[in-house]
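Below is one structure, written out as structure tokens; comments come after it.
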Amino acid sequence: HNTGGKTYSVAILGSTKNLTNIASYNPVSFGAVGNGSTNDTTAMSNCALAAGANGRIFLPPDLNFRVTASISNVANGQTWFGGGTISVAAGTVVPFALASSLTEVTFSGIKFVATATMTGGSAISADNTVTKLRIENCSFNLFYAAIDSSASDSWISNNVITNSVIQGIKIGTHASRCSITGNEIKTVNGASAYGIDLNGSSSNPNNDVVVSNNM
């Protein structure tokens with residue numbers, strides 16, 4: 001992977017490791033610029049394809065990867081980490097739209113930023129075929145709904161969410177056995193807005209969802 005001659009020390013899943021000891025992929029190696037204005041969508045998708053199942057994608061903390069469409073080729077067991085920023089223009093772009101029975105995808109320490117208040121969409125969405133999604137230590141700003149997840153057996157923890165329009169965290173129907181803990185939801189601006197919204201119903205309940213220590 002190409003880190004521009006830099007060595008980074010990053011925290012991943014509770015332990016600090018030097019990048020040189022982690023087998024990881026960097027979008028810069030696939031043509032991403034990371035300046036916040038160049039469209040890096042294709043480079044991000046190609047990086048995900050190369051990383052494949054159980055791959056780790058490192059986003060350097062000093063880079064801002066702008067995307068204009070959902071990043072494709074996310075695979076089972078992938079981890080996206082490193083402290084870098086993924087930014088989108090105002091609208092309805094969803095950087096990560098997870099589906100097709102994906103499992104064990106992790107986002108750790110990523111900053112998600114919209115350049116203006118979104119009119120729809122979210123930073124990370126997951127349909128009800130997705131399982132074991134982990135979103136931790138990330139930050140989200142100006143999204144319509146920061147996280148929109150119907151994934152079961154999942155963890156959403158220690159994230160900071162600011163300036164959401166309608167929901168900070170939405171847990172969709174069918175999602176069960178989830179833990180939503182330690183998140184800080186600072187501002188939700190919409191008229192009928194929720195910090196954490198459990199969307200289960202009598203026919204599709206949210207069973208065994210733990211919500212604790214959120215602010």
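Each chain in the structure tokens gets a letter, A, B and so on, in the order shown; residues start at 1 in every chain, and ligands are counted from 1 in the order they appear.
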Excluding segment 67-80 of chain A and its own-chain neighbours fewer than 3 positions away, which residues fall within 9 Å of it when counting only C-alpha atoms? Please give them as a PyMOL selection string. chain A and resi 36+38-42+44-59+86-89+93-98+101-110
One decimal place gives the atom CA of Gly34 of chain A-atom CA of Gly84 of chain A separation as 9.0 Å
Fewer than 6 positions away in the same chain doesn't count, so skip those; otherwise give me all residues within 7 Å of segment 118-122 of chain A, counting only C-alpha atoms, as an mmCIF file with C-alpha atoms, in the first residue's frame.
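Writing done, so here's out19.cif:
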```
data_model
loop_
_atom_site.group_PDB
_atom_site.id
_atom_site.type_symbol
_atom_site.label_atom_id
_atom_site.label_comp_id
_atom_site.auth_asym_id
_atom_site.auth_seq_id
_atom_site.Cartn_x
_atom_site.Cartn_y
_atom_site.Cartn_z
ATOM 1 C CA ALA A 90 -25.488 17.752 -0.161
ATOM 2 C CA GLY A 91 -28.176 15.504 -1.601
ATOM 3 C CA THR A 92 -28.956 11.850 -0.975
ATOM 4 C CA VAL A 93 -25.615 10.073 -1.527
ATOM 5 C CA VAL A 94 -25.055 7.093 0.790
ATOM 6 C CA LEU A 142 -24.960 16.919 8.550
ATOM 7 C CA PHE A 143 -26.492 13.654 7.319
ATOM 8 C CA TYR A 144 -30.222 13.127 6.981
ATOM 9 C CA ALA A 145 -29.894 10.035 9.160
ATOM 10 C CA ALA A 146 -26.321 9.263 10.158
ATOM 11 C CA ILE A 147 -26.805 5.494 10.501
ATOM 12 C CA ASP A 148 -29.772 3.600 9.047
#
```
Between atom CA of Gly172 of chain A and atom CA of Thr187 of chain A, what distance in Å does the model show, to one decimal?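 For atom CA of Gly172 of chain A relative to atom CA of Thr187 of chain A, the distance reads 20.7 Å.
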Could you check how far atom CA of Ala99 of chain A sits from atom CA of Arg177 of chain A, in Å to one decimal? 18.2 Å
So which residues of segment 47-200 of chain A fall under strand (DSSP E) by DSSP, listed as a PyMOL selection string? chain A and resi 56-58+64-66+79-81+85-88+96-98+106-108+111-114+122-126+134-136+139-141+145-149+155-157+160-162+167-171+178-181+184-185+194-198
Thr85 of chain A surroundings by only C-alpha atoms, 9 Å radius, close-in-sequence under 6 positions cut, as JSON, numbers by chain: {"A": [34, 36, 59, 60, 61, 62, 63, 64, 65, 66, 110, 111, 112, 113]}
Output N, CA, C and O atoms of each residue in that selection to a file, as a short mmCIF file (atom, residue, chain, number, x, y, z; two decimals), in the first residue's frame.
```
data_model
loop_
_atom_site.label_atom_id
_atom_site.label_comp_id
_atom_site.auth_asym_id
_atom_site.auth_seq_id
_atom_site.Cartn_x
_atom_site.Cartn_y
_atom_site.Cartn_z
N GLY A 34 -7.71 12.32 -2.11
CA GLY A 34 -7.93 12.61 -0.69
C GLY A 34 -7.81 14.07 -0.34
O GLY A 34 -7.44 14.41 0.79
N GLY A 36 -10.48 16.22 -0.64
CA GLY A 36 -11.80 16.72 -0.30
C GLY A 36 -12.58 17.30 -1.45
O GLY A 36 -13.76 17.63 -1.29
N LEU A 59 -7.69 4.43 5.87
CA LEU A 59 -7.91 5.80 5.42
C LEU A 59 -7.04 6.72 6.27
O LEU A 59 -7.34 6.95 7.44
N PRO A 60 -5.93 7.25 5.72
CA PRO A 60 -5.02 8.08 6.51
C PRO A 60 -5.75 9.26 7.15
O PRO A 60 -6.61 9.88 6.52
N PRO A 61 -5.42 9.59 8.38
CA PRO A 61 -6.19 10.61 9.11
C PRO A 61 -6.08 12.01 8.55
O PRO A 61 -6.90 12.86 8.88
N ASP A 62 -5.09 12.28 7.71
CA ASP A 62 -4.94 13.63 7.15
C ASP A 62 -5.57 13.75 5.77
O ASP A 62 -5.41 14.80 5.11
N LEU A 63 -6.31 12.74 5.30
CA LEU A 63 -6.89 12.78 3.97
C LEU A 63 -8.42 12.79 4.04
O LEU A 63 -9.03 12.24 4.96
N ASN A 64 -9.02 13.45 3.04
CA ASN A 64 -10.47 13.58 2.93
C ASN A 64 -10.89 13.04 1.57
O ASN A 64 -10.60 13.63 0.53
N PHE A 65 -11.58 11.90 1.57
CA PHE A 65 -11.97 11.23 0.34
C PHE A 65 -13.41 11.61 -0.01
O PHE A 65 -14.34 11.25 0.70
N ARG A 66 -13.57 12.34 -1.10
CA ARG A 66 -14.91 12.76 -1.51
C ARG A 66 -15.53 11.68 -2.40
O ARG A 66 -14.88 11.16 -3.32
N ILE A 110 -13.67 6.34 11.48
CA ILE A 110 -13.83 7.11 10.25
C ILE A 110 -14.68 8.36 10.52
O ILE A 110 -15.65 8.32 11.29
N LYS A 111 -14.34 9.46 9.87
CA LYS A 111 -15.13 10.69 9.96
C LYS A 111 -15.97 10.81 8.68
O LYS A 111 -15.43 10.83 7.57
N PHE A 112 -17.28 10.90 8.86
CA PHE A 112 -18.21 11.07 7.74
C PHE A 112 -18.76 12.49 7.78
O PHE A 112 -19.34 12.91 8.78
N VAL A 113 -18.61 13.22 6.67
CA VAL A 113 -18.98 14.63 6.65
C VAL A 113 -19.74 14.95 5.37
O VAL A 113 -19.30 14.59 4.27
#
```
Of A:Phe81, A:Val211, A:Ser37, A:Ser125, the one nearest to Tyr25 of chain A when counting only C-alpha atoms is A:Phe81
Find the residues near Cys178 of chain A: any atom within 9 Å, counting only C-alpha atoms, skip ones fewer than 2 places away on the same chain, and give them as JSON, numbers by chain. {"A": [132, 151, 152, 153, 154, 155, 156, 175, 176, 180, 206, 207, 208, 209, 210, 211]}
Those same residues - C-alpha atoms - I'd like them written as a PDB file, in the first residue's frame.
```
ATOM      1  CA  LYS A 132     -22.732  -8.496  12.431  1.00  0.00           C
ATOM      2  CA  ALA A 151     -28.734  -5.423  10.375  1.00  0.00           C
ATOM      3  CA  SER A 152     -29.064  -7.947  13.179  1.00  0.00           C
ATOM      4  CA  ASP A 153     -26.349  -9.091  15.604  1.00  0.00           C
ATOM      5  CA  SER A 154     -24.694  -5.694  15.317  1.00  0.00           C
ATOM      6  CA  TRP A 155     -22.840  -3.109  17.427  1.00  0.00           C
ATOM      7  CA  ILE A 156     -23.069   0.680  17.165  1.00  0.00           C
ATOM      8  CA  ALA A 175     -33.067  -5.786  13.287  1.00  0.00           C
ATOM      9  CA  SER A 176     -32.560  -7.848  16.436  1.00  0.00           C
ATOM     10  CA  ILE A 180     -26.339   0.655  20.782  1.00  0.00           C
ATOM     11  CA  ASN A 206     -36.695  -5.202  17.232  1.00  0.00           C
ATOM     12  CA  ASN A 207     -35.978  -8.090  19.608  1.00  0.00           C
ATOM     13  CA  ASP A 208     -33.134  -8.008  22.131  1.00  0.00           C
ATOM     14  CA  VAL A 209     -31.895  -4.507  21.267  1.00  0.00           C
ATOM     15  CA  VAL A 210     -29.816  -2.966  24.058  1.00  0.00           C
ATOM     16  CA  VAL A 211     -29.733   0.840  24.197  1.00  0.00           C
TER      17      VAL A 211
END
```
With only C-alpha atoms as the atoms that count, which of A:Ser29, A:Tyr194, A:Ser149, A:Thr115 lies nearest to Val130 of chain A?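 The shortest atom-to-atom distance to Val130 of chain A comes from A:Ser149.
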Contacts of Ser157 of chain A at 8 Å (only C-alpha atoms; same-chain gap of 6+ positions) as a count of residues only: 8
May I have the residues within 6 Å of segment 198-204 of chain A as an mmCIF file with N, CA and C atoms, in the first residue's frame, using only C-alpha atoms and disregarding those fewer than 3 positions away in the same chain?
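The resulting part-v2.cif:
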```
data_model
loop_
_atom_site.group_PDB
_atom_site.id
_atom_site.type_symbol
_atom_site.label_atom_id
_atom_site.label_comp_id
_atom_site.auth_asym_id
_atom_site.auth_seq_id
_atom_site.Cartn_x
_atom_site.Cartn_y
_atom_site.Cartn_z
ATOM 1 N N ILE A 171 -32.787 2.262 13.691
ATOM 2 C CA ILE A 171 -32.745 0.801 13.660
ATOM 3 C C ILE A 171 -34.022 0.329 12.987
ATOM 4 N N GLY A 172 -33.878 -0.265 11.826
ATOM 5 C CA GLY A 172 -35.027 -0.620 11.008
ATOM 6 C C GLY A 172 -35.716 -1.894 11.459
ATOM 7 N N THR A 173 -36.825 -2.192 10.802
ATOM 8 C CA THR A 173 -37.562 -3.410 11.106
ATOM 9 C C THR A 173 -36.688 -4.640 10.846
ATOM 10 N N HIS A 174 -36.960 -5.684 11.570
ATOM 11 C CA HIS A 174 -36.250 -6.962 11.499
ATOM 12 C C HIS A 174 -34.944 -6.959 12.299
#
```
